[in-house]
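Peer 1: Here you go, one structure.
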Amino acid sequence: MKPQETRPKDICLDCRQLVELDVGDITKLPPPYDDWVDEPIAEVPDEKRERFEASLDGVIGNVIPVPGTEEEKQALVEKFLVGIDKLFSKEDNWTFLQPFLLSIENCVKCNTCADACPIFEASGRVEIYRPLFRADVLRRIANRKRSKLGALTGRLTGADIPVTWETVARLADLAYRCTLCRRCAQDCPMGIDNGLIAREIRKLFSQELGIHPEELHGAGTMKQLHVGSSTGMNPMALADILEFAEEDIEERTGLNIKIPVDKAGADILIMHNAGEFLSWPENLQAFAIMFELAGLSWTIASDLVGYDSVNYGLFYDDIQYSRVTLKHAEVARKLGVKKVVMGECGHAHKAFMATGDRMWLGESNIPRESCLTLMEDLVCNEKIMVDPSRNDFPVTLHDPCNITRSMGIVMPQRKVLKKIAPQFREMTPHGVHNYCCGGGSGFAIMQSNNFPDWRMRIAGRKKFAQIISAFDDCIGPETNKYVCAPCSNCKGQIRDLLTYYEAWDRCRILYGGLVELVVNAMVDVKEGFLEWDFH
Amino acid sequence: MEFWQILTYAGAAVALGAIVLRAVRYAGTPIHLRWELYPVAHEKGRADYGGSIFEELDWWTKPRQVDHLNELKEMAEEILFLKGVYLHNRKLWVFSFPFHFGLYLVTAWLALLVVAATGRVAGADPGGGFISACMLAIQVTGYAGLALVLTGSIGLLFRRMSNPDIRRYSAPVEFINLAFFIVTTGVALVVQAMYDPAFKGLTDYMYSTITFNQAVLPDMWMRTEVVLGSLLVAYIPLTRMAHFVAKYFLYHDVRWADEPNPRGGKIEGRIKQAFGYRMDWDAGHIQKNGTWAEVGTEVIDDEGEK
């Protein structure tokens, strides 16, 4: 069977692998990559297949151990079916019951969503990646289970998918072939949200079966709750990192800046994605420089969880989401700050300000705002002085889905860029109609097995095409170019994309956040804050 | 009382009941976490590019500006012209638009039949201006509506059968549903044109029905038309074809639901209530049978240890 012809009910087929991916099917890139040839996605060795599920598309995303016996398989199938009922229960799923019910019960299957999905398109329309596919598998199983006439009318209504271990295991992994970017929902005339359904599938597996990617759970939310950060950084390590940042700022700029920690009653508590501290310390430093030179009253928290705005629970588990966000709220309340400002992290923006809007209650409901609006105020109202000629190179902007499509923060970052980057140009499409970077919903940190191969070739293909198209007038390596991505996860994904496609060497494309560009343009800061070295 | 009249009453009652039940069910779900999707039509001055109040510095200190007029405009464009389908799936729109617009006309036609009959009950002169205007409107909406629904449903059925992407996801019932529309509107169109071109017979039928008098439908084809129509009216709200109910909630309670939750406000009260629900999730990291307030704050590892 061609990967373009799989039907939803094929998901239960008793075969080694449901779909064989062919990199030749992946969409072609524009020049100068029109002759780009991808290496095949690495094969999962047989001995690994015996231990972990790889029977969907030969890619291991959500690492699912193969149960040892038929009884164990059956027990997991039973748990899956019990979990479906819980998705429909207000006690178990008040958090998303209404949107879930509306989406699962009312899709008219017009397939408008398909053309909006960058993964489906980039894959060469591999059927299992169609937004409707995974949603329809769950829908059919749920319809059969929940309808009194389900078994009788199954064939008539399409509720005809046998629930076997193959069905369950493949669905658990298939939920991790969607970045939850919700572009499909935006284009759906009905408003059906197949991204939400993918998230509900992830949730069912996590909350009922304890199946979740290790990067999101054990090394993600659990580590954050126990150690303080998903990076493994504890409060002591934070102190070292901040000290190093202060030294580095002095070395780079000559400025003697003390990063305030746990300053009670500060106007602003800045919450960064702690990944920045390790991978892109210049981002943390740029915020410190900008805030200090603007004379703001601000602080960083050193309490457990309080110095890492990450909340991977948003991607897969409402309980873990709740635990992390309520810890964040508690840290902000204890410090008595006037507001929390979100650093450059898309999902943290959403976890704190949108979904978090209905989690932070009473005295813990400290106002939260985006660093992008704050930067707009500082730059556009000339509270800091900038010299745009320092950024006189081509710059394009990646819109993180969580900040634009899910929160409607579109213009502040553009107003800043227009002020500080004379060669700013948009990607097509952009704003709320942007394409996901391909690393959304946790993909950017899912680095195990052959998942990164899939992420580079398929999930991020559309974004990479957009990036090189935005620079088509100056694509050669003689011109330095900058992709501004004000989101930590997106930055990680774009770094990996530029590396995979050799875009630094071939095209001199660098990436980074917005605040680095702002500080690079600040007249009170020594020239050359932005370093043109790829890391 | 004739059999087909009973069927007409039953059809109307089932339809109304099913629509109300569906709406009550969706409206009765608890408050959920915010999950809006931009553009949000009522964001004043920002809807065109998809902006929100989050773009404002200290947004919580600013008055929330809701543009009801733009929301109504968006709704009208979506309801009347299926703007979303037009923008994102033009090939489908070619058939979906006549189908849906035809349904609106057919609904107007049925309403006008009731209005005309009620006018007669109220003593309006059957040859007078009011009834004549109603009869003219009945003819226009009736013929146009039935023709558009018939055309649209044939087109949609053809598309569902011929497009492999859609066919792959279509259950037999979805073909049956469209076939039901084709048969019912086809029969109605032909019967009206051949046996009751001015819709007088149907208006008399409606008059007798709303006055609970015996309605004479001497012609077998007209009886068939009424029976099929009554069955279809009852059937639609029992199926996914009644997605208009869900669409209201999908837009107003999810996609455009951006009302913030200020301290001590109405929303906060509803969330606190939800935090009191006892959950029953069974994974190791979840404390069995705790409330959301308990489980959502107390950290437990995967072995169930605190």
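Here's how to read the names in the structure tokens: chain A, B, ... by the order shown, residue numbers from 1 in each chain, ligand numbers from 1 in the order shown.
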Using only C-alpha atoms, find the residues of chain B whose closest atom to chain A is at most 6 Å away, then write them as a PyMOL selection string.

Peer 2: chain B and resi 29-30+32-34+37-38+50-52+55+57+84-85+89+171-173+240+243+247+250+263+277-279+281-283+296-297

Peer 1: As an MDAnalysis selection string, please: all residues of range 253-320 of chain A that backbone DSSP puts in alpha helix (DSSP H).

Peer 2: chainID A and resid 253 275:279 281:293 313:316 318:320

Peer 1: Those same residues - C-alpha atoms - I'd like them written as a short mmCIF file (atom, residue, chain, number, x, y, z; two decimals), in the first residue's frame.

Peer 2:
data_model
loop_
_atom_site.label_atom_id
_atom_site.label_comp_id
_atom_site.auth_asym_id
_atom_site.auth_seq_id
_atom_site.Cartn_x
_atom_site.Cartn_y
_atom_site.Cartn_z
CA THR A 253 30.05 45.41 26.57
CA GLY A 275 17.13 26.49 28.00
CA GLU A 276 18.25 30.02 27.10
CA PHE A 277 20.68 30.05 30.04
CA LEU A 278 22.55 27.08 28.68
CA SER A 279 22.17 27.27 24.92
CA PRO A 281 23.13 32.90 27.32
CA GLU A 282 23.30 36.04 25.19
CA ASN A 283 19.50 36.15 25.36
CA LEU A 284 19.49 36.30 29.15
CA GLN A 285 22.30 38.86 29.03
CA ALA A 286 20.51 41.03 26.48
CA PHE A 287 17.42 41.19 28.67
CA ALA A 288 19.56 42.17 31.65
CA ILE A 289 21.30 44.92 29.66
CA MET A 290 18.06 46.27 28.22
CA PHE A 291 16.22 46.28 31.55
CA GLU A 292 19.08 47.89 33.44
CA LEU A 293 19.76 50.59 30.86
CA GLY A 313 2.56 19.83 30.58
CA LEU A 314 0.91 22.12 28.05
CA PHE A 315 1.91 19.62 25.38
CA TYR A 316 0.74 16.34 26.88
CA ASP A 318 -3.16 18.58 32.21
CA ILE A 319 -2.12 17.41 35.67
CA GLN A 320 1.54 18.12 35.07
#

Peer 1: Residues within 10 Å of Val386 in chain A, please, as a count of residues only. Count only C-alpha atoms; anything in the same chain fewer than 6 positions from it doesn't count.

Peer 2: 12

Peer 1: Could you check how far CA of Val337 in chain A sits from CA of Phe352 in chain A, in Å to one decimal?

Peer 2: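 Taking CA of Val337 in chain A and CA of Phe352 in chain A, their separation equals 15.1 Å.
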
Peer 1: In Å, rounded to a single decimal, give me how far CA of His347 in chain A is from CA of Glu305 in chain B.

Peer 2: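 CA of His347 in chain A lies 28.6 Å from CA of Glu305 in chain B.
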